[in-house]
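Participant: Below is upload.csv; it holds CSV, C-alpha atoms and all ligand atoms.
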chain,number,residue,atom,x,y,z
A,310,MET,CA,-2.5,5.4,-6.1
A,311,CYS,CA,-4.8,7.9,-7.7
A,312,VAL,CA,-5.6,11.2,-5.9
A,313,LEU,CA,-9.2,12.3,-6.6
A,314,MET,CA,-10.6,15.8,-6.7
A,315,SER,CA,-12.1,15.3,-3.3
A,316,GLY,CA,-8.6,14.8,-1.7
A,317,MET,CA,-9.4,11.1,-1.3
A,318,GLN,CA,-6.8,8.6,-2.5
A,319,ALA,CA,-8.3,5.5,-4.2
A,320,PHE,CA,-6.4,2.7,-2.7
A,321,ALA,CA,-8.4,-0.3,-3.9
A,322,GLN,CA,-12.0,-1.0,-4.9
A,323,ASN,CA,-14.2,0.5,-2.2
A,324,VAL,CA,-11.1,1.5,-0.2
A,325,TRP,CA,-9.8,5.1,0.1
A,326,THR,CA,-7.2,6.9,2.3
A,327,VAL,CA,-7.3,10.5,3.2
A,328,ASP,CA,-4.2,12.3,4.6
A,329,GLY,CA,-4.9,14.8,7.5
A,330,PRO,CA,-2.9,17.5,9.1
A,331,ASN,CA,0.3,16.8,11.0
A,332,VAL,CA,0.0,16.2,14.7
A,333,ARG,CA,2.6,16.4,17.5
A,334,ASP,CA,3.1,13.3,19.7
A,335,PHE,CA,5.8,13.2,22.4
A,336,GLY,CA,7.1,16.5,20.8
A,337,VAL,CA,7.6,14.9,17.3
A,338,LEU,CA,5.5,15.9,14.3
A,339,PHE,CA,3.7,12.9,12.7
A,340,THR,CA,1.7,12.7,9.5
A,341,THR,CA,-1.9,11.4,9.9
A,342,ARG,CA,-4.1,9.3,7.7
A,343,MET,CA,-7.6,7.8,7.8
A,344,THR,CA,-9.0,4.9,5.9
A,345,VAL,CA,-12.5,5.0,4.4
A,346,LEU,CA,-14.3,1.8,3.2
A,347,LYS,CA,-17.6,1.2,1.6
A,348,LEU,CA,-18.8,-2.1,3.1
A,349,SER,CA,-20.8,-4.7,1.1
A,350,ASP,CA,-24.0,-3.6,2.8
A,351,GLY,CA,-23.5,-0.1,1.3
A,352,SER,CA,-22.5,1.6,4.7
A,353,VAL,CA,-19.3,3.5,5.2
A,354,TRP,CA,-16.7,2.5,7.8
A,355,VAL,CA,-14.0,5.0,8.9
A,356,ASP,CA,-10.8,4.2,10.8
A,357,SER,CA,-8.8,6.9,12.6
A,358,PRO,CA,-10.7,9.8,11.2
A,359,VAL,CA,-8.8,13.1,10.6
A,360,PRO,CA,-10.0,16.7,10.0
A,361,VAL,CA,-10.9,17.0,6.3
A,362,PRO,CA,-12.1,19.9,4.0
A,363,PHE,CA,-15.9,20.2,3.3
A,364,ASP,CA,-15.5,18.7,-0.2
A,365,THR,CA,-13.9,15.5,1.2
A,366,LEU,CA,-16.7,15.2,3.8
A,367,LYS,CA,-19.3,15.7,1.1
A,368,HIS,CA,-17.8,13.0,-1.1
A,369,ILE,CA,-17.6,10.5,1.9
A,370,THR,CA,-21.3,11.1,2.7
A,371,GLU,CA,-22.2,10.5,-0.9
A,372,LEU,CA,-20.6,7.0,-0.7
A,373,GLY,CA,-23.3,5.9,1.7
A,374,PRO,CA,-24.4,6.3,5.4
A,375,VAL,CA,-21.4,6.7,7.7
A,376,SER,CA,-22.2,3.9,10.1
A,377,TYR,CA,-19.0,3.0,11.8
A,378,LEU,CA,-16.3,5.2,13.4
A,379,VAL,CA,-13.3,3.2,14.5
A,380,ALA,CA,-10.0,3.9,16.3
A,381,ALA,CA,-7.7,0.9,15.8
A,382,THR,CA,-5.1,2.0,18.3
A,383,PRO,CA,-5.5,3.6,21.8
A,384,ARG,CA,-3.4,6.5,20.5
A,385,HIS,CA,-6.1,7.5,18.0
A,386,VAL,CA,-9.2,7.4,20.2
A,387,TRP,CA,-9.2,11.2,20.6
A,388,ARG,CA,-9.7,11.6,16.9
A,389,LEU,CA,-13.2,10.0,17.1
A,390,GLU,CA,-14.7,13.0,19.1
A,391,ALA,CA,-15.1,15.4,16.1
A,392,TRP,CA,-16.5,12.8,13.8
A,393,HIS,CA,-19.0,11.6,16.5
A,394,THR,CA,-20.3,15.2,16.5
A,395,LEU,CA,-20.6,15.1,12.7
A,396,PHE,CA,-22.2,11.6,12.6
A,397,PRO,CA,-23.9,11.1,16.0
A,398,LYS,CA,-25.8,8.0,14.7
A,399,ALA,CA,-22.6,6.2,13.7
A,400,GLN,CA,-21.4,3.4,16.0
A,401,VAL,CA,-18.2,4.3,17.8
A,402,TRP,CA,-15.6,1.5,18.4
A,403,ALA,CA,-12.2,1.6,20.2
A,404,PRO,CA,-9.7,-0.9,21.4
A,405,ARG,CA,-9.3,-2.0,25.0
A,406,THR,CA,-8.3,1.0,27.2
A,407,THR,CA,-4.7,1.0,28.3
A,408,PRO,CA,-2.6,3.6,30.1
A,409,PHE,CA,-1.7,5.0,26.7
A,410,THR,CA,-5.2,5.6,25.5
A,411,LEU,CA,-5.6,9.2,24.3
A,412,LYS,CA,-9.2,10.3,24.7
A,413,LYS,CA,-11.2,13.4,24.5
A,414,GLY,CA,-14.7,14.1,26.0
A,415,HIS,CA,-17.2,11.4,26.8
A,416,LEU,CA,-17.7,9.3,23.8
A,417,PRO,CA,-20.6,6.8,23.8
A,418,PHE,CA,-18.7,3.8,22.7
A,419,THR,CA,-20.7,1.1,21.1
A,420,GLY,CA,-18.2,-1.5,22.3
A,421,ARG,CA,-14.5,-2.5,22.4
A,422,LEU,CA,-12.8,-4.0,19.4
A,423,SER,CA,-11.8,-7.6,20.1
A,424,ASP,CA,-9.7,-10.4,18.7
A,425,ALA,CA,-12.6,-11.5,16.5
A,426,PRO,CA,-14.4,-9.6,13.7
A,427,ASN,CA,-17.4,-7.6,14.8
A,428,PRO,CA,-20.6,-9.3,13.6
A,429,GLU,CA,-21.6,-6.0,12.0
A,430,TRP,CA,-18.7,-6.2,9.5
A,431,ALA,CA,-17.7,-9.8,9.5
A,432,ASP,CA,-18.7,-10.2,5.9
A,433,ASP,CA,-16.0,-7.7,4.9
A,434,PHE,CA,-13.3,-8.0,7.5
A,435,ASP,CA,-11.3,-10.3,9.7
A,436,GLN,CA,-9.6,-8.6,12.6
A,437,LEU,CA,-7.1,-9.3,15.4
A,438,ALA,CA,-6.1,-7.5,18.6
A,439,PHE,CA,-2.3,-7.6,18.6
A,440,LYS,CA,-1.6,-9.1,22.0
A,441,GLY,CA,1.5,-9.1,24.2
A,442,ASN,CA,1.8,-5.4,24.9
A,443,PRO,CA,0.3,-4.0,28.1
A,444,LEU,CA,0.6,-0.4,26.9
A,445,ILE,CA,-0.8,-0.5,23.4
A,446,GLU,CA,-3.2,-3.1,22.1
A,447,GLU,CA,-3.7,-2.2,18.5
A,448,VAL,CA,-6.4,-3.9,16.4
A,449,LEU,CA,-5.6,-4.8,12.8
A,450,PHE,CA,-8.1,-5.4,10.0
A,451,PHE,CA,-8.0,-7.6,7.0
A,452,HIS,CA,-10.3,-6.4,4.2
A,453,LYS,CA,-11.0,-9.6,2.4
A,454,ALA,CA,-12.3,-8.3,-1.0
A,455,SER,CA,-9.2,-6.1,-1.6
A,456,ARG,CA,-6.7,-8.4,0.3
A,457,THR,CA,-5.6,-5.3,2.3
A,458,VAL,CA,-4.4,-5.2,5.9
A,459,ILE,CA,-5.2,-1.9,7.7
A,460,LEU,CA,-2.9,-1.0,10.5
A,461,ASP,CA,-2.5,2.3,12.4
A,462,ASP,CA,0.7,2.6,14.3
A,463,LEU,CA,2.4,-0.8,14.6
A,464,ILE,CA,4.4,-0.4,11.4
A,465,GLN,CA,5.6,3.0,10.3
A,466,ILE,CA,7.6,4.2,7.3
A,467,HIS,CA,8.7,7.8,7.6
A,468,PRO,CA,10.3,9.4,4.5
A,469,ARG,CA,13.2,11.8,5.1
A,470,VAL,CA,12.1,15.4,5.2
A,471,LYS,CA,14.7,17.9,3.8
A,472,GLY,CA,16.0,20.3,6.5
A,473,LYS,CA,14.6,18.3,9.4
A,474,LEU,CA,17.8,16.7,10.6
A,475,LEU,CA,16.7,15.9,14.2
A,476,ARG,CA,13.4,14.4,13.1
A,477,ASN,CA,15.1,12.3,10.4
A,478,ALA,CA,17.7,11.1,12.9
A,479,LEU,CA,15.0,10.2,15.5
A,480,PHE,CA,13.0,8.2,13.0
A,481,LYS,CA,16.2,6.3,12.0
A,482,LEU,CA,17.0,5.5,15.6
A,483,GLU,CA,13.4,4.4,16.1
A,484,GLY,CA,13.8,1.9,13.2
A,485,VAL,CA,11.0,3.5,11.2
A,486,ALA,CA,12.9,5.5,8.5
A,487,SER,CA,12.0,5.0,4.8
A,488,PRO,CA,12.4,2.9,2.8
A,489,GLN,CA,12.4,-0.2,5.0
A,490,GLY,CA,10.4,1.3,8.0
A,491,GLY,CA,9.4,-1.1,10.7
A,492,VAL,CA,7.9,-1.4,14.2
A,493,PRO,CA,9.1,1.5,16.3
A,494,ILE,CA,11.7,0.4,18.8
A,495,ASP,CA,9.8,1.8,21.8
A,496,ILE,CA,6.8,-0.3,20.8
A,497,ARG,CA,9.0,-3.4,20.2
A,498,LEU,CA,10.4,-3.0,23.8
A,499,SER,CA,6.9,-2.8,25.3
A,500,PHE,CA,6.0,-6.2,24.0
A,501,THR,CA,6.7,-8.0,27.3
A,502,HIS,CA,4.6,-11.1,26.5
A,503,ARG,CA,6.5,-12.3,23.5
A,504,ASN,CA,4.6,-15.6,23.1
A,505,LEU,CA,1.2,-13.8,23.0
A,506,ALA,CA,2.7,-11.4,20.4
A,507,ARG,CA,4.0,-14.3,18.3
A,508,ARG,CA,0.5,-15.9,18.3
A,509,SER,CA,-0.9,-12.6,17.0
A,510,LEU,CA,1.8,-12.4,14.4
A,511,GLU,CA,0.9,-15.9,13.2
A,512,LYS,CA,-2.7,-14.9,12.7
A,513,LEU,CA,-1.7,-11.7,10.9
A,514,LEU,CA,0.6,-13.8,8.5
A,515,SER,CA,-2.2,-16.3,8.0
A,516,TRP,CA,-4.2,-13.7,6.2
A,517,ASP,CA,-3.9,-13.8,2.4
A,518,PHE,CA,-3.1,-10.2,2.0
A,519,ASP,CA,-1.1,-8.3,-0.7
A,520,LYS,CA,-1.6,-4.6,0.3
A,521,LEU,CA,-0.9,-2.7,3.4
A,522,ILE,CA,-2.4,0.6,4.6
A,523,ILE,CA,-0.5,2.2,7.5
A,524,GLY,CA,-1.4,5.3,9.5
A,525,HIS,CA,2.0,6.9,9.4
A,526,GLY,CA,4.1,6.7,6.2
A,527,VAL,CA,4.0,5.2,2.8
A,528,CYS,CA,1.3,2.5,2.1
A,529,ILE,CA,2.2,-0.7,0.2
A,530,GLU,CA,0.2,-1.6,-2.9
A,531,LYS,CA,1.7,-4.9,-3.8
A,532,ASP,CA,3.7,-7.8,-2.1
A,533,ALA,CA,3.1,-6.5,1.4
A,534,LYS,CA,3.3,-9.8,3.2
A,535,PRO,CA,7.2,-10.2,2.9
A,536,PHE,CA,7.5,-6.6,4.1
A,537,VAL,CA,5.3,-7.3,7.2
A,538,GLU,CA,7.3,-10.5,7.9
A,539,GLN,CA,10.5,-8.4,7.8
A,540,ALA,CA,9.1,-5.7,10.0
A,541,PHE,CA,8.5,-8.3,12.8
A,542,HIS,CA,11.9,-10.0,12.5
A,543,TRP,CA,12.7,-9.0,16.1
A,544,LEU,CA,9.8,-11.2,17.3
A,545,ARG,CA,11.2,-14.3,15.8
A,546,ARG,CA,12.7,-16.9,18.3
B,601,FE,FE,-0.6,7.2,15.3
Could the structure of this file be written out as structure tokens, please?
Ligand SMILES: [Fe+2]
Facilitator:
Amino acid sequence: MCVLMSGMQAFAQNVWTVDGPNVRDFGVLFTTRMTVLKLSDGSVWVDSPVPVPFDTLKHITELGPVSYLVAATPRHVWRLEAWHTLFPKAQVWAPRTTPFTLKKGHLPFTGRLSDAPNPEWADDFDQLAFKGNPLIEEVLFFHKASRTVILDDLIQIHPRVKGKLLRNALFKLEGVASPQGGVPIDIRLSFTHRNLARRSLEKLLSWDFDKLIIGHGVCIEKDAKPFVEQAFHWLRR
């Protein structure tokens, strides 16, 4: 992956990631990342926006009009607030509200992300709402042109951080330590409707993808599908 002067990382053609500041969730520090795409109609689509320096913001606005602000998981909805202030004309999309939805202010949502691609971006993406979990219903995107799956929280790969013994041990217990990573154990346990989850996994694995962008940890630039299959081994019958 190539890091540009603007702080954006070129992931694939018309696909960039930008790492944001660390945030604390349930007392643990998490890295953050957003995904920026230029759609085939020239507009810019942003998932899970993070605070960025002025230069990065300038570069993003030079790509095209920022038309879509998306939070793919209920846990990232709060991040939309600041970007809605920056781009008040952009559509604002979030998943179905659950008890775990983290929200700030009164965002004028354009709508809720569903299990089918939004007509606005159906030329570029397929999407699925990963069912079977009453607490967190994350939406996954498949960018067809670059054969990339974009996912926020469902799979995480946390590298060891020197000197952070407790954090490293916690991520290992959670089943999300680098290099193999995986679906965090607390999320696995909250999938109470396994048959629904298996159906979502089938749709995910039916996509012809090769790359994986994740919100927390190391992204995968090649042969991502066997990795995703392995990450969901616990869901097999
Ligand atoms: Fe997250």
Participant: Listing only residues of chain A within 12 Å of ligand FE 601 (chain B), what is the closest atom pair and its distance in Å (to one decimal) for each, using all atoms listed in the file, sorted by chain and residue number ascending, as a Markdown table?
Facilitator:
| residue | atom | partner | partner_atom | distance |
| --- | --- | --- | --- | --- |
| A:Gly329 | CA | B:FE601 | FE | 11.7 |
| A:Asn331 | CA | B:FE601 | FE | 10.6 |
| A:Val332 | CA | B:FE601 | FE | 9.0 |
| A:Arg333 | CA | B:FE601 | FE | 10.0 |
| A:Asp334 | CA | B:FE601 | FE | 8.4 |
| A:Phe335 | CA | B:FE601 | FE | 11.3 |
| A:Val337 | CA | B:FE601 | FE | 11.4 |
| A:Leu338 | CA | B:FE601 | FE | 10.7 |
| A:Phe339 | CA | B:FE601 | FE | 7.6 |
| A:Thr340 | CA | B:FE601 | FE | 8.3 |
| A:Thr341 | CA | B:FE601 | FE | 7.0 |
| A:Arg342 | CA | B:FE601 | FE | 8.6 |
| A:Met343 | CA | B:FE601 | FE | 10.3 |
| A:Asp356 | CA | B:FE601 | FE | 11.5 |
| A:Ser357 | CA | B:FE601 | FE | 8.6 |
| A:Pro358 | CA | B:FE601 | FE | 11.2 |
| A:Val359 | CA | B:FE601 | FE | 11.1 |
| A:Ala380 | CA | B:FE601 | FE | 10.0 |
| A:Ala381 | CA | B:FE601 | FE | 9.5 |
| A:Thr382 | CA | B:FE601 | FE | 7.5 |
| A:Pro383 | CA | B:FE601 | FE | 8.9 |
| A:Arg384 | CA | B:FE601 | FE | 5.9 |
| A:His385 | CA | B:FE601 | FE | 6.1 |
| A:Val386 | CA | B:FE601 | FE | 9.9 |
| A:Trp387 | CA | B:FE601 | FE | 10.9 |
| A:Arg388 | CA | B:FE601 | FE | 10.2 |
| A:Phe409 | CA | B:FE601 | FE | 11.7 |
| A:Thr410 | CA | B:FE601 | FE | 11.3 |
| A:Leu411 | CA | B:FE601 | FE | 10.5 |
| A:Ile445 | CA | B:FE601 | FE | 11.2 |
| A:Glu447 | CA | B:FE601 | FE | 10.4 |
| A:Leu460 | CA | B:FE601 | FE | 9.8 |
| A:Asp461 | CA | B:FE601 | FE | 6.0 |
| A:Asp462 | CA | B:FE601 | FE | 4.9 |
| A:Leu463 | CA | B:FE601 | FE | 8.6 |
| A:Ile464 | CA | B:FE601 | FE | 9.9 |
| A:Gln465 | CA | B:FE601 | FE | 9.0 |
| A:Ile466 | CA | B:FE601 | FE | 11.8 |
| A:Pro493 | CA | B:FE601 | FE | 11.3 |
| A:Ile496 | CA | B:FE601 | FE | 11.9 |
| A:Ile523 | CA | B:FE601 | FE | 9.3 |
| A:Gly524 | CA | B:FE601 | FE | 6.2 |
| A:His525 | CA | B:FE601 | FE | 6.5 |
| A:Gly526 | CA | B:FE601 | FE | 10.3 |
Participant: Could you tell me how far CA of Val361 (chain A) lies from CA of Trp325 (chain A), in Å and to one decimal?
Facilitator: 13.5 Å
Participant: Taking 2 positions as the minimum chain separation for residues in the same chain, which residues sit within 10 Å of region 506-522 of chain A when counting all atoms listed in the file? Answer as a VMD selection string.
Facilitator: chain A and resid 320 to 321 324 to 326 342 to 344 424 435 to 442 449 to 461 464 500 to 504 524 to 538 541 544 to 546
Participant: Tell me which protein, DNA and RNA residues are within 12 Å of Leu482 (chain A), counting all atoms listed in the file, leaving out same-chain ones fewer than 3 positions away, and put them as a tab-separated table (two decimals) with C-alpha atoms, keeping the file's coordinate frame.
Facilitator:
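Below is the file that was written, part-v7.tsv:
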chain	number	residue	atom	x	y	z
A	467	HIS	CA	8.70	7.80	7.60
A	475	LEU	CA	16.70	15.90	14.20
A	476	ARG	CA	13.40	14.40	13.10
A	477	ASN	CA	15.10	12.30	10.40
A	478	ALA	CA	17.70	11.10	12.90
A	479	LEU	CA	15.00	10.20	15.50
A	485	VAL	CA	11.00	3.50	11.20
A	486	ALA	CA	12.90	5.50	8.50
A	487	SER	CA	12.00	5.00	4.80
A	490	GLY	CA	10.40	1.30	8.00
A	491	GLY	CA	9.40	-1.10	10.70
A	492	VAL	CA	7.90	-1.40	14.20
A	493	PRO	CA	9.10	1.50	16.30
A	494	ILE	CA	11.70	0.40	18.80
A	495	ASP	CA	9.80	1.80	21.80
Participant: Find, counting all atoms listed in the file, the residue in A:Lys413, A:Arg405, A:Lys347, A:His542 that gets nearest to Gly373 (chain A).
Facilitator: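 That would be A:Lys347, the residue with the smallest distance to Gly373 (chain A).
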Participant: For the atom pair CA of Phe418 (chain A) and CA of Thr406 (chain A), what is the interatomic distance in Å to one decimal place?
Facilitator: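 Between these atoms lies a distance of 11.7 Å.
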Participant: What's the separation between CA of Pro417 (chain A) and CA of Leu395 (chain A), in Å to one decimal place?
Facilitator: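 Taking CA of Pro417 (chain A) as the start and CA of Leu395 (chain A) as the end point, the length is 13.9 Å.
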Participant: So which one's closest to Glu429 (chain A), A:Thr407, A:Thr370, A:Ser352, A:Thr394? Using all atoms listed in the file, please.
Facilitator: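 Among A:Thr407, A:Thr370, A:Ser352, A:Thr394, it is A:Ser352 that comes nearest to Glu429 (chain A).
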Participant: Nearest to His368 (chain A) among A:Gln489, A:Gln318, A:Asn427, A:Ser499, with distances taken over all atoms listed in the file: which residue is it?
Facilitator: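 For His368 (chain A), the nearest of the candidates is A:Gln318.
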Participant: Would you mind putting N, CA and C atoms back on region 393-409 of chain A and writing the result as an mmCIF file, keeping the file's coordinate frame?
Facilitator:
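File produced: out-v6.cif:
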data_model
loop_
_atom_site.group_PDB
_atom_site.id
_atom_site.type_symbol
_atom_site.label_atom_id
_atom_site.label_comp_id
_atom_site.auth_asym_id
_atom_site.auth_seq_id
_atom_site.Cartn_x
_atom_site.Cartn_y
_atom_site.Cartn_z
ATOM 1 N N HIS A 393 -17.721 11.971 15.768
ATOM 2 C CA HIS A 393 -19.000 11.600 16.500
ATOM 3 C C HIS A 393 -19.936 12.779 16.442
ATOM 4 N N THR A 394 -19.410 13.980 16.557
ATOM 5 C CA THR A 394 -20.300 15.200 16.500
ATOM 6 C C THR A 394 -20.873 15.303 15.089
ATOM 7 N N LEU A 395 -20.065 14.999 14.053
ATOM 8 C CA LEU A 395 -20.600 15.100 12.700
ATOM 9 C C LEU A 395 -21.571 13.978 12.363
ATOM 10 N N PHE A 396 -21.325 12.792 12.898
ATOM 11 C CA PHE A 396 -22.200 11.600 12.600
ATOM 12 C C PHE A 396 -22.615 10.967 13.894
ATOM 13 N N PRO A 397 -23.541 11.637 14.616
ATOM 14 C CA PRO A 397 -23.900 11.100 16.000
ATOM 15 C C PRO A 397 -24.579 9.772 15.951
ATOM 16 N N LYS A 398 -25.108 9.356 14.786
ATOM 17 C CA LYS A 398 -25.800 8.000 14.700
ATOM 18 C C LYS A 398 -24.808 6.894 14.452
ATOM 19 N N ALA A 399 -23.595 7.223 14.051
ATOM 20 C CA ALA A 399 -22.600 6.200 13.700
ATOM 21 C C ALA A 399 -22.160 5.449 14.984
ATOM 22 N N GLN A 400 -21.950 4.150 14.864
ATOM 23 C CA GLN A 400 -21.400 3.400 16.000
ATOM 24 C C GLN A 400 -19.937 3.839 16.219
ATOM 25 N N VAL A 401 -19.515 3.810 17.493
ATOM 26 C CA VAL A 401 -18.200 4.300 17.800
ATOM 27 C C VAL A 401 -17.423 3.087 18.517
ATOM 28 N N TRP A 402 -16.318 2.686 17.907
ATOM 29 C CA TRP A 402 -15.600 1.500 18.400
ATOM 30 C C TRP A 402 -14.126 1.877 18.694
ATOM 31 N N ALA A 403 -13.619 1.361 19.807
ATOM 32 C CA ALA A 403 -12.200 1.600 20.200
ATOM 33 C C ALA A 403 -11.628 0.329 20.751
ATOM 34 N N PRO A 404 -10.287 0.247 20.787
ATOM 35 C CA PRO A 404 -9.700 -0.900 21.400
ATOM 36 C C PRO A 404 -9.775 -0.890 22.905
ATOM 37 N N ARG A 405 -9.310 -1.963 23.539
ATOM 38 C CA ARG A 405 -9.300 -2.000 25.000
ATOM 39 C C ARG A 405 -8.497 -0.786 25.528
ATOM 40 N N THR A 406 -9.020 -0.181 26.600
ATOM 41 C CA THR A 406 -8.300 1.000 27.200
ATOM 42 C C THR A 406 -7.050 0.549 27.865
ATOM 43 N N THR A 407 -5.979 1.305 27.611
ATOM 44 C CA THR A 407 -4.700 1.000 28.300
ATOM 45 C C THR A 407 -4.178 2.368 28.836
ATOM 46 N N PRO A 408 -3.068 2.337 29.595
ATOM 47 C CA PRO A 408 -2.600 3.600 30.100
ATOM 48 C C PRO A 408 -2.186 4.604 29.012
ATOM 49 N N PHE A 409 -2.057 4.133 27.788
ATOM 50 C CA PHE A 409 -1.700 5.000 26.700
ATOM 51 C C PHE A 409 -2.844 5.506 25.850
#
